[in-house]
$ cat structure.cif   # mmCIF, N, CA and C atoms
data_query
#
loop_
_atom_site.group_PDB
_atom_site.id
_atom_site.type_symbol
_atom_site.label_atom_id
_atom_site.label_comp_id
_atom_site.auth_asym_id
_atom_site.auth_seq_id
_atom_site.Cartn_x
_atom_site.Cartn_y
_atom_site.Cartn_z
ATOM 1 N N MET A 1 8.374 85.422 13.835
ATOM 2 C CA MET A 1 7.962 85.690 15.194
ATOM 3 C C MET A 1 6.613 85.040 15.501
ATOM 4 N N GLN A 2 5.700 85.090 14.535
ATOM 5 C CA GLN A 2 4.380 84.506 14.761
ATOM 6 C C GLN A 2 4.473 83.011 15.010
ATOM 7 N N HIS A 3 5.443 82.371 14.370
ATOM 8 C CA HIS A 3 5.595 80.931 14.517
ATOM 9 C C HIS A 3 5.958 80.558 15.960
ATOM 10 N N LYS A 4 6.852 81.337 16.583
ATOM 11 C CA LYS A 4 7.243 81.070 17.969
ATOM 12 C C LYS A 4 6.076 81.286 18.923
ATOM 13 N N VAL A 5 5.331 82.357 18.707
ATOM 14 C CA VAL A 5 4.172 82.632 19.565
ATOM 15 C C VAL A 5 3.137 81.528 19.412
ATOM 16 N N TRP A 6 2.966 81.056 18.204
ATOM 17 C CA TRP A 6 2.012 79.963 17.933
ATOM 18 C C TRP A 6 2.361 78.735 18.757
ATOM 19 N N TRP A 7 3.632 78.347 18.765
ATOM 20 C CA TRP A 7 4.044 77.162 19.511
ATOM 21 C C TRP A 7 3.971 77.374 21.014
ATOM 22 N N ILE A 8 4.273 78.567 21.480
ATOM 23 C CA ILE A 8 4.163 78.852 22.910
ATOM 24 C C ILE A 8 2.715 78.746 23.367
ATOM 25 N N VAL A 9 1.799 79.291 22.582
ATOM 26 C CA VAL A 9 0.375 79.201 22.916
ATOM 27 C C VAL A 9 -0.085 77.750 22.891
ATOM 28 N N ASN A 10 0.342 76.983 21.900
ATOM 29 C CA ASN A 10 -0.031 75.571 21.825
ATOM 30 C C ASN A 10 0.512 74.781 23.011
ATOM 31 N N LEU A 11 1.745 75.059 23.419
ATOM 32 C CA LEU A 11 2.308 74.370 24.589
ATOM 33 C C LEU A 11 1.549 74.735 25.864
ATOM 34 N N PHE A 12 1.151 75.994 25.986
ATOM 35 C CA PHE A 12 0.359 76.409 27.151
ATOM 36 C C PHE A 12 -0.965 75.656 27.193
ATOM 37 N N PHE A 13 -1.673 75.602 26.073
ATOM 38 C CA PHE A 13 -2.958 74.910 26.048
ATOM 39 C C PHE A 13 -2.792 73.402 26.273
ATOM 40 N N ALA A 14 -1.733 72.811 25.749
ATOM 41 C CA ALA A 14 -1.489 71.383 25.982
ATOM 42 C C ALA A 14 -1.235 71.118 27.457
ATOM 43 N N ALA A 15 -0.422 71.956 28.092
ATOM 44 C CA ALA A 15 -0.147 71.785 29.516
ATOM 45 C C ALA A 15 -1.407 71.983 30.349
ATOM 46 N N ALA A 16 -2.226 72.968 29.988
ATOM 47 C CA ALA A 16 -3.477 73.216 30.711
ATOM 48 C C ALA A 16 -4.437 72.039 30.554
ATOM 49 N N PHE A 17 -4.543 71.500 29.347
ATOM 50 C CA PHE A 17 -5.441 70.368 29.120
ATOM 51 C C PHE A 17 -4.975 69.127 29.870
ATOM 52 N N ILE A 18 -3.685 68.834 29.807
ATOM 53 C CA ILE A 18 -3.160 67.647 30.481
ATOM 54 C C ILE A 18 -3.305 67.778 31.993
ATOM 55 N N SER A 19 -2.985 68.944 32.542
ATOM 56 C CA SER A 19 -3.119 69.118 33.988
ATOM 57 C C SER A 19 -4.582 69.057 34.418
ATOM 58 N N GLY A 20 -5.476 69.586 33.604
ATOM 59 C CA GLY A 20 -6.903 69.490 33.916
ATOM 60 C C GLY A 20 -7.402 68.056 33.898
ATOM 61 N N ALA A 21 -6.965 67.284 32.911
ATOM 62 C CA ALA A 21 -7.378 65.875 32.830
ATOM 63 C C ALA A 21 -6.828 65.078 34.006
ATOM 64 N N VAL A 22 -5.573 65.324 34.369
ATOM 65 C CA VAL A 22 -4.980 64.623 35.513
ATOM 66 C C VAL A 22 -5.718 64.993 36.792
ATOM 67 N N LEU A 23 -6.038 66.267 36.959
ATOM 68 C CA LEU A 23 -6.781 66.710 38.136
ATOM 69 C C LEU A 23 -8.137 66.020 38.214
ATOM 70 N N ILE A 24 -8.840 65.949 37.105
ATOM 71 C CA ILE A 24 -10.157 65.300 37.086
ATOM 72 C C ILE A 24 -10.032 63.821 37.432
ATOM 73 N N LEU A 25 -9.018 63.164 36.911
ATOM 74 C CA LEU A 25 -8.883 61.730 37.134
ATOM 75 C C LEU A 25 -8.389 61.382 38.538
ATOM 76 N N LEU A 26 -7.667 62.281 39.189
ATOM 77 C CA LEU A 26 -7.089 61.970 40.498
ATOM 78 C C LEU A 26 -7.909 62.459 41.686
ATOM 79 N N ARG A 27 -8.747 63.444 41.499
ATOM 80 C CA ARG A 27 -9.469 63.994 42.650
ATOM 81 C C ARG A 27 -10.549 63.025 43.126
ATOM 82 N N GLN A 28 -10.766 63.044 44.414
ATOM 83 C CA GLN A 28 -11.800 62.190 45.013
ATOM 84 C C GLN A 28 -13.109 62.958 45.200
ATOM 85 N N VAL A 29 -12.980 64.268 45.481
ATOM 86 C CA VAL A 29 -14.137 65.124 45.714
ATOM 87 C C VAL A 29 -13.923 66.401 44.916
ATOM 88 N N ASP A 30 -14.956 66.860 44.212
ATOM 89 C CA ASP A 30 -14.789 68.094 43.450
ATOM 90 C C ASP A 30 -14.957 69.313 44.349
ATOM 91 N N GLY A 31 -14.873 70.491 43.765
ATOM 92 C CA GLY A 31 -14.915 71.726 44.540
ATOM 93 C C GLY A 31 -16.232 71.969 45.253
ATOM 94 N N ALA A 32 -17.312 71.386 44.786
ATOM 95 C CA ALA A 32 -18.625 71.572 45.412
ATOM 96 C C ALA A 32 -18.897 70.536 46.498
ATOM 97 N N GLY A 33 -17.958 69.616 46.718
ATOM 98 C CA GLY A 33 -18.132 68.593 47.736
ATOM 99 C C GLY A 33 -18.760 67.316 47.219
ATOM 100 N N HIS A 34 -18.954 67.218 45.934
ATOM 101 C CA HIS A 34 -19.543 66.024 45.315
ATOM 102 C C HIS A 34 -18.483 64.929 45.222
ATOM 103 N N VAL A 35 -18.805 63.732 45.704
ATOM 104 C CA VAL A 35 -17.880 62.610 45.597
ATOM 105 C C VAL A 35 -17.849 62.147 44.153
ATOM 106 N N GLU A 36 -16.660 62.050 43.614
ATOM 107 C CA GLU A 36 -16.495 61.692 42.206
ATOM 108 C C GLU A 36 -16.821 60.216 41.962
ATOM 109 N N THR A 37 -17.591 59.969 40.926
ATOM 110 C CA THR A 37 -17.893 58.618 40.465
ATOM 111 C C THR A 37 -17.364 58.509 39.036
ATOM 112 N N PRO A 38 -17.248 57.295 38.509
ATOM 113 C CA PRO A 38 -16.778 57.188 37.118
ATOM 114 C C PRO A 38 -17.640 57.982 36.139
ATOM 115 N N GLY A 39 -18.935 58.043 36.361
ATOM 116 C CA GLY A 39 -19.812 58.799 35.474
ATOM 117 C C GLY A 39 -19.563 60.293 35.540
ATOM 118 N N SER A 40 -19.365 60.804 36.758
ATOM 119 C CA SER A 40 -19.120 62.246 36.883
ATOM 120 C C SER A 40 -17.737 62.611 36.354
ATOM 121 N N ARG A 41 -16.775 61.710 36.494
ATOM 122 C CA ARG A 41 -15.447 61.959 35.910
ATOM 123 C C ARG A 41 -15.536 61.995 34.390
ATOM 124 N N LEU A 42 -16.310 61.082 33.833
ATOM 125 C CA LEU A 42 -16.482 61.042 32.385
ATOM 126 C C LEU A 42 -17.175 62.314 31.876
ATOM 127 N N ALA A 43 -18.164 62.782 32.632
ATOM 128 C CA ALA A 43 -18.847 64.018 32.249
ATOM 129 C C ALA A 43 -17.891 65.209 32.301
ATOM 130 N N ALA A 44 -17.058 65.257 33.343
ATOM 131 C CA ALA A 44 -16.092 66.347 33.464
ATOM 132 C C ALA A 44 -15.062 66.286 32.336
ATOM 133 N N LEU A 45 -14.633 65.092 31.986
ATOM 134 C CA LEU A 45 -13.697 64.941 30.863
ATOM 135 C C LEU A 45 -14.349 65.319 29.541
ATOM 136 N N ALA A 46 -15.642 65.045 29.403
ATOM 137 C CA ALA A 46 -16.364 65.432 28.181
ATOM 138 C C ALA A 46 -16.432 66.946 28.062
ATOM 139 N N VAL A 47 -16.662 67.633 29.172
ATOM 140 C CA VAL A 47 -16.678 69.101 29.150
ATOM 141 C C VAL A 47 -15.296 69.627 28.783
ATOM 142 N N LEU A 48 -14.252 69.051 29.375
ATOM 143 C CA LEU A 48 -12.887 69.456 29.054
ATOM 144 C C LEU A 48 -12.567 69.174 27.583
ATOM 145 N N GLY A 49 -13.015 68.041 27.074
ATOM 146 C CA GLY A 49 -12.797 67.697 25.670
ATOM 147 C C GLY A 49 -13.531 68.640 24.728
ATOM 148 N N THR A 50 -14.733 69.066 25.107
ATOM 149 C CA THR A 50 -15.483 70.031 24.299
ATOM 150 C C THR A 50 -14.754 71.364 24.253
ATOM 151 N N PHE A 51 -14.213 71.782 25.396
ATOM 152 C CA PHE A 51 -13.427 73.014 25.445
ATOM 153 C C PHE A 51 -12.193 72.881 24.561
ATOM 154 N N LEU A 52 -11.545 71.716 24.595
ATOM 155 C CA LEU A 52 -10.380 71.477 23.742
ATOM 156 C C LEU A 52 -10.765 71.551 22.266
ATOM 157 N N LEU A 53 -11.893 70.986 21.910
ATOM 158 C CA LEU A 53 -12.356 71.028 20.522
ATOM 159 C C LEU A 53 -12.607 72.471 20.068
ATOM 160 N N LEU A 54 -13.172 73.285 20.947
ATOM 161 C CA LEU A 54 -13.389 74.686 20.630
ATOM 162 C C LEU A 54 -12.055 75.404 20.403
ATOM 163 N N ILE A 55 -11.072 75.122 21.236
ATOM 164 C CA ILE A 55 -9.753 75.727 21.079
ATOM 165 C C ILE A 55 -9.119 75.294 19.759
ATOM 166 N N VAL A 56 -9.235 74.024 19.415
ATOM 167 C CA VAL A 56 -8.654 73.519 18.167
ATOM 168 C C VAL A 56 -9.303 74.199 16.964
ATOM 169 N N ILE A 57 -10.604 74.387 16.996
ATOM 170 C CA ILE A 57 -11.289 75.050 15.888
ATOM 171 C C ILE A 57 -10.808 76.485 15.735
ATOM 172 N N VAL A 58 -10.702 77.208 16.850
ATOM 173 C CA VAL A 58 -10.219 78.592 16.792
ATOM 174 C C VAL A 58 -8.783 78.636 16.291
ATOM 175 N N GLU A 59 -7.936 77.705 16.763
ATOM 176 C CA GLU A 59 -6.552 77.683 16.308
ATOM 177 C C GLU A 59 -6.437 77.361 14.821
ATOM 178 N N LEU A 60 -7.285 76.494 14.310
ATOM 179 C CA LEU A 60 -7.264 76.204 12.880
ATOM 180 C C LEU A 60 -7.663 77.423 12.056
ATOM 181 N N ILE A 61 -8.620 78.188 12.558
ATOM 182 C CA ILE A 61 -9.007 79.417 11.859
ATOM 183 C C ILE A 61 -7.851 80.408 11.863
ATOM 184 N N VAL A 62 -7.204 80.580 13.019
ATOM 185 C CA VAL A 62 -6.066 81.496 13.113
ATOM 186 C C VAL A 62 -4.934 81.018 12.214
ATOM 187 N N TRP A 63 -4.679 79.716 12.197
ATOM 188 C CA TRP A 63 -3.619 79.156 11.342
ATOM 189 C C TRP A 63 -3.905 79.437 9.864
ATOM 190 N N ALA A 64 -5.175 79.276 9.463
ATOM 191 C CA ALA A 64 -5.529 79.526 8.064
ATOM 192 C C ALA A 64 -5.341 81.000 7.701
ATOM 193 N N VAL A 65 -5.686 81.884 8.622
ATOM 194 C CA VAL A 65 -5.492 83.313 8.365
ATOM 195 C C VAL A 65 -4.004 83.641 8.286
ATOM 196 N N MET A 66 -3.206 83.089 9.189
ATOM 197 C CA MET A 66 -1.764 83.325 9.158
ATOM 198 C C MET A 66 -1.150 82.783 7.872
ATOM 199 N N ARG A 67 -1.598 81.640 7.436
ATOM 200 C CA ARG A 67 -1.076 81.029 6.209
ATOM 201 C C ARG A 67 -1.432 81.882 4.983
ATOM 202 N N ALA A 68 -2.653 82.398 4.969
ATOM 203 C CA ALA A 68 -3.084 83.229 3.851
ATOM 204 C C ALA A 68 -2.314 84.560 3.817
ATOM 205 N N SER A 69 -2.056 85.111 4.990
ATOM 206 C CA SER A 69 -1.305 86.383 5.025
ATOM 207 C C SER A 69 0.152 86.160 4.660
ATOM 208 N N ARG A 70 0.700 85.014 4.968
ATOM 209 C CA ARG A 70 2.088 84.699 4.590
ATOM 210 C C ARG A 70 2.211 84.525 3.088
ATOM 211 N N LYS A 71 1.191 83.969 2.443
ATOM 212 C CA LYS A 71 1.233 83.790 0.979
ATOM 213 C C LYS A 71 1.164 85.131 0.266
ATOM 214 N N ARG A 72 0.439 86.100 0.845
ATOM 215 C CA ARG A 72 0.323 87.411 0.225
ATOM 216 C C ARG A 72 1.646 88.162 0.283
ATOM 217 N N ASN A 73 2.424 87.942 1.322
ATOM 218 C CA ASN A 73 3.694 88.663 1.464
ATOM 219 C C ASN A 73 4.755 87.930 0.764
#

$ encode --input "structure.cif" --output "structure tokens"
Amino acid sequence: MQHKVWWIVNLFFAAAFISGAVLILLRQVDGAGHVETPGSRLAALAVLGTFLLLIVIVELIVWAVMRASRKRN
């Protein structure tokens, strides 16, 4: 059961990341009214990438814990 939940969560995060990146790359003006430039798009993508890196680190920790608990059983 944990394996299915793991993949569902990963698919959710992948869809969220891809849709966020597409939104950043396609929008002309952000929510604050700032006109997007290549530099501001790159900064927004860097923030999104940092968030993705944080998610990957947490998922690796959870994966290691799940793997260790599976070996015990």

$ select_by_dssp --input "structure.cif" --residues "region 4-57 of chain A" --states "helix (DSSP H, G or I)" --output "VMD selection string"
chain A and resid 4 to 26 38 to 57

$ atom_distance --input "structure.cif" --atom1 "CA of Ala21 (chain A)" --atom2 "CA of Val5 (chain A)"
24.3 Å

$ residues_around --input "structure.cif" --residues "His3 (chain A)" --least-positions-apart "5" --cutoff "10 Å" --atoms "only C-alpha atoms" --output "compact mmCIF listing (two decimals) with N, CA and C atoms, in the frame of the given file"
# COMPACT_ATOMS: atom_id res chain seq x y z
N ILE A 8 4.27 78.57 21.48
CA ILE A 8 4.16 78.85 22.91
C ILE A 8 2.72 78.75 23.37
N TRP A 63 -4.68 79.72 12.20
CA TRP A 63 -3.62 79.16 11.34
C TRP A 63 -3.90 79.44 9.86
N MET A 66 -3.21 83.09 9.19
CA MET A 66 -1.76 83.32 9.16
C MET A 66 -1.15 82.78 7.87

$ atom_distance --input "structure.cif" --atom1 "atom N of Arg70 (chain A)" --atom2 "atom C of Phe12 (chain A)"
24.2 Å

$ closest_residue --input "structure.cif" --among "A:Gly33, A:Ala64, A:Phe17, A:Asn10" --to "Thr50 (chain A)" --atoms "only C-alpha atoms"
A:Phe17

$ residues_around --input "structure.cif" --residues "region 39-41 of chain A" --least-positions-apart "5" --cutoff "7 Å" --atoms "all atoms listed in the file" --output "list of chain:residue names"
A:Ile24, A:Leu25, A:Ala46

$ atom_distance --input "structure.cif" --atom1 "atom N of Ala43 (chain A)" --atom2 "atom C of Arg27 (chain A)"
13.0 Å

$ build_atoms --input "structure.cif" --residues "region 21-41 of chain A" --atoms "N, CA, C and O atoms" --output "JSON list (two decimals), in the coordinates of the input"
[["chain", "number", "residue", "atom", "x", "y", "z"],
["A", 21, "ALA", "N", -6.96, 67.28, 32.91],
["A", 21, "ALA", "CA", -7.38, 65.88, 32.83],
["A", 21, "ALA", "C", -6.83, 65.08, 34.01],
["A", 21, "ALA", "O", -7.55, 64.26, 34.59],
["A", 22, "VAL", "N", -5.57, 65.32, 34.37],
["A", 22, "VAL", "CA", -4.98, 64.62, 35.51],
["A", 22, "VAL", "C", -5.72, 64.99, 36.79],
["A", 22, "VAL", "O", -6.02, 64.13, 37.63],
["A", 23, "LEU", "N", -6.04, 66.27, 36.96],
["A", 23, "LEU", "CA", -6.78, 66.71, 38.14],
["A", 23, "LEU", "C", -8.14, 66.02, 38.21],
["A", 23, "LEU", "O", -8.54, 65.54, 39.29],
["A", 24, "ILE", "N", -8.84, 65.95, 37.10],
["A", 24, "ILE", "CA", -10.16, 65.30, 37.09],
["A", 24, "ILE", "C", -10.03, 63.82, 37.43],
["A", 24, "ILE", "O", -10.84, 63.27, 38.18],
["A", 25, "LEU", "N", -9.02, 63.16, 36.91],
["A", 25, "LEU", "CA", -8.88, 61.73, 37.13],
["A", 25, "LEU", "C", -8.39, 61.38, 38.54],
["A", 25, "LEU", "O", -8.68, 60.30, 39.04],
["A", 26, "LEU", "N", -7.67, 62.28, 39.19],
["A", 26, "LEU", "CA", -7.09, 61.97, 40.50],
["A", 26, "LEU", "C", -7.91, 62.46, 41.69],
["A", 26, "LEU", "O", -7.75, 61.94, 42.78],
["A", 27, "ARG", "N", -8.75, 63.44, 41.50],
["A", 27, "ARG", "CA", -9.47, 63.99, 42.65],
["A", 27, "ARG", "C", -10.55, 63.02, 43.13],
["A", 27, "ARG", "O", -11.16, 62.30, 42.35],
["A", 28, "GLN", "N", -10.77, 63.04, 44.41],
["A", 28, "GLN", "CA", -11.80, 62.19, 45.01],
["A", 28, "GLN", "C", -13.11, 62.96, 45.20],
["A", 28, "GLN", "O", -14.18, 62.38, 45.14],
["A", 29, "VAL", "N", -12.98, 64.27, 45.48],
["A", 29, "VAL", "CA", -14.14, 65.12, 45.71],
["A", 29, "VAL", "C", -13.92, 66.40, 44.92],
["A", 29, "VAL", "O", -12.83, 66.97, 44.93],
["A", 30, "ASP", "N", -14.96, 66.86, 44.21],
["A", 30, "ASP", "CA", -14.79, 68.09, 43.45],
["A", 30, "ASP", "C", -14.96, 69.31, 44.35],
["A", 30, "ASP", "O", -15.16, 69.20, 45.55],
["A", 31, "GLY", "N", -14.87, 70.49, 43.76],
["A", 31, "GLY", "CA", -14.92, 71.73, 44.54],
["A", 31, "GLY", "C", -16.23, 71.97, 45.25],
["A", 31, "GLY", "O", -16.28, 72.69, 46.25],
["A", 32, "ALA", "N", -17.31, 71.39, 44.79],
["A", 32, "ALA", "CA", -18.62, 71.57, 45.41],
["A", 32, "ALA", "C", -18.90, 70.54, 46.50],
["A", 32, "ALA", "O", -19.95, 70.55, 47.13],
["A", 33, "GLY", "N", -17.96, 69.62, 46.72],
["A", 33, "GLY", "CA", -18.13, 68.59, 47.74],
["A", 33, "GLY", "C", -18.76, 67.32, 47.22],
["A", 33, "GLY", "O", -19.06, 66.41, 47.99],
["A", 34, "HIS", "N", -18.95, 67.22, 45.93],
["A", 34, "HIS", "CA", -19.54, 66.02, 45.32],
["A", 34, "HIS", "C", -18.48, 64.93, 45.22],
["A", 34, "HIS", "O", -17.39, 65.16, 44.72],
["A", 35, "VAL", "N", -18.80, 63.73, 45.70],
["A", 35, "VAL", "CA", -17.88, 62.61, 45.60],
["A", 35, "VAL", "C", -17.85, 62.15, 44.15],
["A", 35, "VAL", "O", -18.89, 61.89, 43.54],
["A", 36, "GLU", "N", -16.66, 62.05, 43.61],
["A", 36, "GLU", "CA", -16.50, 61.69, 42.21],
["A", 36, "GLU", "C", -16.82, 60.22, 41.96],
["A", 36, "GLU", "O", -16.38, 59.34, 42.70],
["A", 37, "THR", "N", -17.59, 59.97, 40.93],
["A", 37, "THR", "CA", -17.89, 58.62, 40.47],
["A", 37, "THR", "C", -17.36, 58.51, 39.04],
["A", 37, "THR", "O", -17.04, 59.53, 38.41],
["A", 38, "PRO", "N", -17.25, 57.30, 38.51],
["A", 38, "PRO", "CA", -16.78, 57.19, 37.12],
["A", 38, "PRO", "C", -17.64, 57.98, 36.14],
["A", 38, "PRO", "O", -17.12, 58.58, 35.19],
["A", 39, "GLY", "N", -18.93, 58.04, 36.36],
["A", 39, "GLY", "CA", -19.81, 58.80, 35.47],
["A", 39, "GLY", "C", -19.56, 60.29, 35.54],
["A", 39, "GLY", "O", -19.55, 60.99, 34.52],
["A", 40, "SER", "N", -19.36, 60.80, 36.76],
["A", 40, "SER", "CA", -19.12, 62.25, 36.88],
["A", 40, "SER", "C", -17.74, 62.61, 36.35],
["A", 40, "SER", "O", -17.54, 63.70, 35.81],
["A", 41, "ARG", "N", -16.77, 61.71, 36.49],
["A", 41, "ARG", "CA", -15.45, 61.96, 35.91],
["A", 41, "ARG", "C", -15.54, 62.00, 34.39],
["A", 41, "ARG", "O", -14.92, 62.83, 33.73]]
